[in-house]
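*Asks:* What follows is a single structure, and I will ask about it in a moment.
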Amino acid sequence: MPVPNFLPYRLRTLSREAALIACAAGGGGLFALLDIPAAWLSGSMLLVSIIGVIRPLPDLRKPWFDSTMVMSGALIGSSATPEALAATARYPGSLFILVVALAAIMLATGAYLRFVARWSWIDSLLAAAPGALSAVISVAQDKGANIGRIAAIQLFRILVLVAVLPSIMKLSSGGGGAVGAPPPLPVISLPDMVLVLGCALATGLIFDRLRVTAPYILGATLASAVLHGAGIVHGTLPPEIATAVMVMLGAAMGGRVSNLKRNEIAALFPLAIGGFVVSMLVAFAFAWPAAWLAGVPYASAMAAFAPGGLEAMAMLAFAMGLDPLYVGAHHLARFMLLGLSMPFIVGWIKPEKPPPEN
């Protein structure tokens, strides 16, 4: 992304960042035209990653990153409506299995990356996290983790899940319980949006002063969840803002791929395949008893336990005609649990140099 050298330094930096964000938006827009689930996130990450392999890309500066984390946290917390929280209470046994499955997925996939790839535990666990990408990249930034290879593993899992999960579910059980599309979430009013974002930023600043890991996304998620769960505010952020947040996340994660060496990128593909297989085997193993306990088709449990993004898995569930209440409740629980706990899960691990490769 060449920028004329006669421009002032700040203007050159801003121009490079604008070009990076524009590329991310182009990739997301292309995936959206192709009607791919989680289009704005996966498309932006993929295109920026491809460009990053060809030529170095700039990192987004801290103000961009912190503001994206605040907006991401506000979006995550807006899912915790009283109705959604009530829905999660209908499947206590299955949700308990989900919590155990989350720990098993992270430990199994993290151990695979730790002992096969010889990564540090921080990189391994963050790459193994089944979703909550906003929290993952925020923690990775704070802990000095290798965001490039973490993003590559996460991007591979999202794209493969979107591509192959419907076929896997059809082969396994053939669906169950056709339903219509869910009612659209209302857009939050301007006064409520100002309240949510103000509380989100204030809580993030407090957490930052307290030196909490990933303070802005954790504080924003907590503030937004409390306001929505208590019924003080209603509705989610406008879709334009949600799209912008996905594009910024894609730009931030995809841009870090340019920091990887070419031979390291080539070595990530077999690792990504192996990590994906491990995480899916563990998830589907736990989905079977959960389906039996909740009395739902196994295909619904597969969609509920699949280690993918909330948006992508929800859209796939609706397209497959699965039980939206069951699938949505489990992904909401996973989304909120990972978003709130990720800074604490990894926060106690001290940064380390990866073991020497054989």
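Ordered as shown in the structure tokens, chains take letters A, B, and onward, while each chain numbers its residues from 1 and ligands are numbered from 1 in the order shown.
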Within 9 Å of range 39-47 of chain A, which residues of range 233-338 of chain A show up? Give each one with its shortest atom-to-atom distance in Å (one decimal) and the two atoms involved, counting only C-alpha atoms, rows by chain then rising residue number, as CSV.

*Replies:*
residue,atom,partner,partner_atom,distance
A:Thr243,CA,A:Trp40,CA,6.4
A:Ala244,CA,A:Trp40,CA,8.4
A:Val245,CA,A:Leu41,CA,8.6
A:Met246,CA,A:Leu41,CA,4.8
A:Val247,CA,A:Ser44,CA,5.8
A:Met248,CA,A:Ser44,CA,8.4
A:Leu249,CA,A:Leu41,CA,7.0
A:Gly250,CA,A:Met45,CA,4.1
A:Ala251,CA,A:Met45,CA,6.1
A:Ala252,CA,A:Met45,CA,8.2
A:Met253,CA,A:Met45,CA,6.5
A:Gly254,CA,A:Met45,CA,4.6
A:Gly255,CA,A:Met45,CA,8.0
A:Ala312,CA,A:Ala39,CA,8.4

*Asks:* Could you name the residues that touch range 74-86 of chain A at 6 Å or less, counting only C-alpha atoms, but leaving out those on the same chain fewer than 6 positions away, as a list in words?

*Replies:* Ala220, Thr221, Ser224, Ala225, His228, Gly229 and Thr236 of chain A

*Asks:* Using only C-alpha atoms for the distances, tell me which of A:Gly27, A:Ser120, A:Leu222, A:Ser67 is nearest to Gly144 in chain A.

*Replies:*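 Among the listed residues, the smallest separation from Gly144 in chain A belongs to A:Ser120.
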
*Asks:* To test your reading of the structure, identify every residue in range 17-256 of chain A that backbone DSSP assigns to alpha helix (DSSP H), and report it as a ChimeraX atom specification.

*Replies:* /A:17-33,39-54,62-77,82-88,92-115,121-128,133-143,147-172,190-209,215-229,239-255

*Asks:* Any idea what the distance is between CA of Pro63 in chain A and CA of Ile50 in chain A?

*Replies:*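 Taking CA of Pro63 in chain A and CA of Ile50 in chain A, their separation equals 24.9 Å.
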
*Asks:* What's the 7 Å shell around range 334-337 of chain A, counting only C-alpha atoms, without same-chain residues fewer than 3 positions away, as a VMD selection string?

*Replies:* chain A and resid 131 to 132 310 330 to 331 340 to 341

*Asks:* Residues at most 9 Å from Ala111 in chain A, counting only C-alpha atoms, excluding those fewer than 4 positions away in the same chain, as number ranges by chain?

*Replies:* A: 106-107, 115-116, 121, 124-125

*Asks:* Any chance you could export the current selection's all heavy atoms as a tab-separated table (two decimals), in the first residue's frame?

*Replies:*
chain	number	residue	atom	x	y	z
A	106	MET	N	-10.80	-26.60	24.71
A	106	MET	CA	-9.63	-25.75	24.85
A	106	MET	C	-8.41	-26.55	25.32
A	106	MET	O	-7.29	-26.34	24.83
A	106	MET	CB	-9.92	-24.60	25.81
A	106	MET	CG	-10.88	-23.57	25.26
A	106	MET	SD	-10.91	-22.03	26.23
A	106	MET	CE	-9.25	-21.40	25.96
A	107	LEU	N	-8.61	-27.47	26.25
A	107	LEU	CA	-7.48	-28.25	26.76
A	107	LEU	C	-6.96	-29.22	25.70
A	107	LEU	O	-5.74	-29.33	25.50
A	107	LEU	CB	-7.90	-29.02	28.02
A	107	LEU	CG	-8.07	-28.18	29.29
A	107	LEU	CD1	-8.59	-29.04	30.42
A	107	LEU	CD2	-6.74	-27.54	29.68
A	115	PHE	N	2.05	-29.39	22.15
A	115	PHE	CA	3.01	-30.48	22.08
A	115	PHE	C	3.33	-30.92	20.66
A	115	PHE	O	4.39	-31.51	20.43
A	115	PHE	CB	2.48	-31.66	22.90
A	115	PHE	CG	2.35	-31.35	24.36
A	115	PHE	CD1	1.10	-31.27	24.95
A	115	PHE	CD2	3.46	-31.11	25.15
A	115	PHE	CE1	0.96	-30.97	26.30
A	115	PHE	CE2	3.34	-30.81	26.49
A	115	PHE	CZ	2.08	-30.73	27.07
A	116	VAL	N	2.43	-30.65	19.71
A	116	VAL	CA	2.73	-30.99	18.32
A	116	VAL	C	3.42	-29.82	17.63
A	116	VAL	O	4.45	-29.99	16.97
A	116	VAL	CB	1.45	-31.39	17.56
A	116	VAL	CG1	1.74	-31.60	16.08
A	116	VAL	CG2	0.85	-32.66	18.15
A	121	TRP	N	1.89	-21.96	25.77
A	121	TRP	CA	0.53	-22.26	26.24
A	121	TRP	C	-0.42	-21.10	25.94
A	121	TRP	O	-1.61	-21.32	25.65
A	121	TRP	CB	0.54	-22.55	27.74
A	121	TRP	CG	0.74	-24.00	28.08
A	121	TRP	CD1	1.79	-24.55	28.75
A	121	TRP	CD2	-0.14	-25.09	27.75
A	121	TRP	NE1	1.62	-25.92	28.85
A	121	TRP	CE2	0.44	-26.26	28.26
A	121	TRP	CE3	-1.36	-25.17	27.08
A	121	TRP	CZ2	-0.15	-27.53	28.12
A	121	TRP	CZ3	-1.96	-26.43	26.93
A	121	TRP	CH2	-1.36	-27.58	27.45
A	124	SER	N	-1.37	-21.33	22.31
A	124	SER	CA	-2.14	-22.55	22.08
A	124	SER	C	-3.58	-22.42	22.57
A	124	SER	O	-4.52	-22.79	21.86
A	124	SER	CB	-1.45	-23.74	22.77
A	124	SER	OG	-0.15	-23.94	22.28
A	125	LEU	N	-3.76	-21.91	23.77
A	125	LEU	CA	-5.11	-21.79	24.34
A	125	LEU	C	-5.93	-20.74	23.60
A	125	LEU	O	-7.13	-20.92	23.39
A	125	LEU	CB	-5.03	-21.47	25.82
A	125	LEU	CG	-4.52	-22.60	26.72
A	125	LEU	CD1	-4.39	-22.12	28.17
A	125	LEU	CD2	-5.45	-23.81	26.66

*Asks:* Looking at A:Ala127, A:Val187, A:Phe65, A:Leu57, which one is nearest to Gly110 in chain A, with distances taken over only C-alpha atoms?

*Replies:*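 The answer is A:Ala127, which sits nearest to Gly110 in chain A.
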
*Asks:* My list of candidates is A:Ala299, A:Leu95, A:Ala266, A:Val194. Which is closest to Leu332 in chain A when distances are computed with only C-alpha atoms?

*Replies:*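 Nearest to Leu332 in chain A: A:Leu95.
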